[in-house]
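S.K.: Mind looking over this structure? Questions follow.
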Amino acid sequence: MKDYINNTLSPLLQGDGGYIEFISENNNEIQVLARGECSKCHKLELCLKWCEEMIQRDKNREVKLTAVRKKPFFWDK
């Protein structure tokens, strides 16, 4: 699943300036790291739902994706 998320789904999101990275998998719950524009996007949940549908279609697995938002370094002030 890590390869599929990092190498198939993430590049599809890069056209909008963001991307996701696989963090962990526990049963059917997958945690990803939202980076770039994805980290601050208000529609991230819709993209994650779309990613779940892609996984269902391509991998024949029902999963639940959750995201951890990675703040840009300049937001730490």
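Ordering of the structure tokens sets the chain letters (A, B, ...); residue numbers start at 1 within each chain; ligands are numbered from 1 in the order shown.
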Tell me, as JSON, numbers by chain, which residues lie within 10 Å of region 40-50 of chain A, counting only C-alpha atoms; anything in the same chain fewer than 2 positions away does not count.
M.R.: {"A": [9, 13, 18, 20, 32, 34, 35, 36, 37, 38, 52, 53, 54, 55, 56, 63, 64, 65, 66, 67, 69, 70, 71, 72]}
S.K.: Keeping only N, CA and C atoms, write the selected residues to a file as a short mmCIF file (atom, residue, chain, number, x, y, z; two decimals), in the first residue's frame.
M.R.:
```cif
data_model
loop_
_atom_site.label_atom_id
_atom_site.label_comp_id
_atom_site.auth_asym_id
_atom_site.auth_seq_id
_atom_site.Cartn_x
_atom_site.Cartn_y
_atom_site.Cartn_z
N LEU A 9 -0.84 7.54 -6.18
CA LEU A 9 -1.79 8.58 -5.78
C LEU A 9 -1.12 9.94 -5.57
N LEU A 13 -1.81 14.14 -7.17
CA LEU A 13 -2.13 15.35 -6.40
C LEU A 13 -1.11 16.46 -6.60
N GLY A 18 0.38 19.95 -4.06
CA GLY A 18 0.49 19.21 -2.80
C GLY A 18 0.75 17.75 -3.07
N ILE A 20 0.80 13.61 -0.79
CA ILE A 20 0.64 12.85 0.43
C ILE A 20 1.74 11.80 0.49
N VAL A 32 -1.78 9.08 6.40
CA VAL A 32 -0.89 9.71 5.44
C VAL A 32 -0.50 11.09 5.95
N ALA A 34 0.01 14.89 4.87
CA ALA A 34 -0.36 15.86 3.83
C ALA A 34 0.71 16.95 3.80
N ARG A 35 1.30 17.16 2.64
CA ARG A 35 2.38 18.15 2.49
C ARG A 35 2.04 19.15 1.40
N GLY A 36 2.78 20.23 1.38
CA GLY A 36 2.56 21.26 0.37
C GLY A 36 1.18 21.86 0.50
N GLU A 37 0.54 22.09 -0.63
CA GLU A 37 -0.80 22.69 -0.63
C GLU A 37 -1.82 21.80 0.06
N CYS A 38 -1.61 20.49 0.03
CA CYS A 38 -2.54 19.57 0.71
C CYS A 38 -2.60 19.83 2.21
N GLU A 52 -9.49 6.90 -1.42
CA GLU A 52 -10.08 5.64 -0.94
C GLU A 52 -10.79 4.92 -2.08
N GLU A 53 -11.49 5.67 -2.93
CA GLU A 53 -12.17 5.07 -4.07
C GLU A 53 -11.18 4.50 -5.08
N MET A 54 -10.05 5.18 -5.28
CA MET A 54 -9.02 4.67 -6.18
C MET A 54 -8.42 3.37 -5.65
N ILE A 55 -8.19 3.32 -4.35
CA ILE A 55 -7.66 2.10 -3.73
C ILE A 55 -8.66 0.97 -3.88
N GLN A 56 -9.95 1.27 -3.66
CA GLN A 56 -11.00 0.27 -3.82
C GLN A 56 -11.01 -0.27 -5.25
N VAL A 63 -10.57 0.86 2.53
CA VAL A 63 -9.71 1.44 3.56
C VAL A 63 -10.28 2.79 3.98
N LYS A 64 -9.80 3.26 5.11
CA LYS A 64 -10.13 4.59 5.61
C LYS A 64 -8.83 5.37 5.72
N LEU A 65 -8.73 6.46 5.00
CA LEU A 65 -7.54 7.30 5.03
C LEU A 65 -7.75 8.46 6.00
N THR A 66 -6.74 8.72 6.80
CA THR A 66 -6.72 9.90 7.66
C THR A 66 -5.41 10.62 7.40
N ALA A 67 -5.44 11.94 7.53
CA ALA A 67 -4.26 12.73 7.20
C ALA A 67 -3.76 13.51 8.41
N ARG A 69 -1.62 16.84 8.92
CA ARG A 69 -1.21 17.99 8.11
C ARG A 69 0.17 18.46 8.54
N LYS A 70 1.08 18.52 7.60
CA LYS A 70 2.45 18.99 7.85
C LYS A 70 2.50 20.48 7.55
N LYS A 71 2.67 21.29 8.60
CA LYS A 71 2.74 22.73 8.42
C LYS A 71 4.06 23.11 7.76
N PRO A 72 4.05 24.09 6.87
CA PRO A 72 5.31 24.59 6.34
C PRO A 72 6.17 25.17 7.46
#
```
S.K.: Using DSSP on the backbone, list every residue of chain A that comes out as alpha helix (DSSP H), and give them as a ChimeraX atom specification.
M.R.: /A:2-4,10-13,44-59
S.K.: So the first atom is CA of Arg61 (chain A) and the second is CA of Gln14 (chain A); what is the distance between them in Å, to one decimal place?
M.R.: 23.8 Å
S.K.: Point out the residue among A:Arg57, A:Cys51, A:Tyr4, A:Ser39 with the least atom-to-atom distance to Asp16 (chain A), counting only C-alpha atoms.
M.R.: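 With only C-alpha atoms as the atom set, the closest residue is A:Ser39.
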S.K.: Name the residues of chain A that come out as strand (DSSP E or B) in a backbone DSSP run; write them as a list in words.
M.R.: Gly18, Tyr19, Ile20, Glu21, Phe22, Ile23, Ser24, Glu25, Asn26, Glu29, Ile30, Gln31, Val32, Leu33, Ala34, Arg35, Gly36, Lys64, Leu65, Thr66, Ala67, Val68 and Arg69 of chain A
S.K.: How far is it from CA of Ser10 (chain A) to CA of Ile23 (chain A), in Å with one decimal?
M.R.: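 Straight-line distance from CA of Ser10 (chain A) to CA of Ile23 (chain A) works out to 12.9 Å.
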S.K.: Write out as a list in words which residues come within 8 Å of Phe22 (chain A) when counting only C-alpha atoms, dropping same-chain ones fewer than 6 positions away.
M.R.: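 Counting only C-alpha atoms, the residues come to Lys2, Ile5, Asn6, Ile30, Gln31, Val32 and Leu33 of chain A.
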S.K.: Using Å and a single decimal, report how far CA of Asp58 (chain A) sits from CA of Asn7 (chain A).
M.R.: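 Atom-to-atom, CA of Asn7 (chain A) to CA of Asp58 (chain A), that is 13.4 Å.
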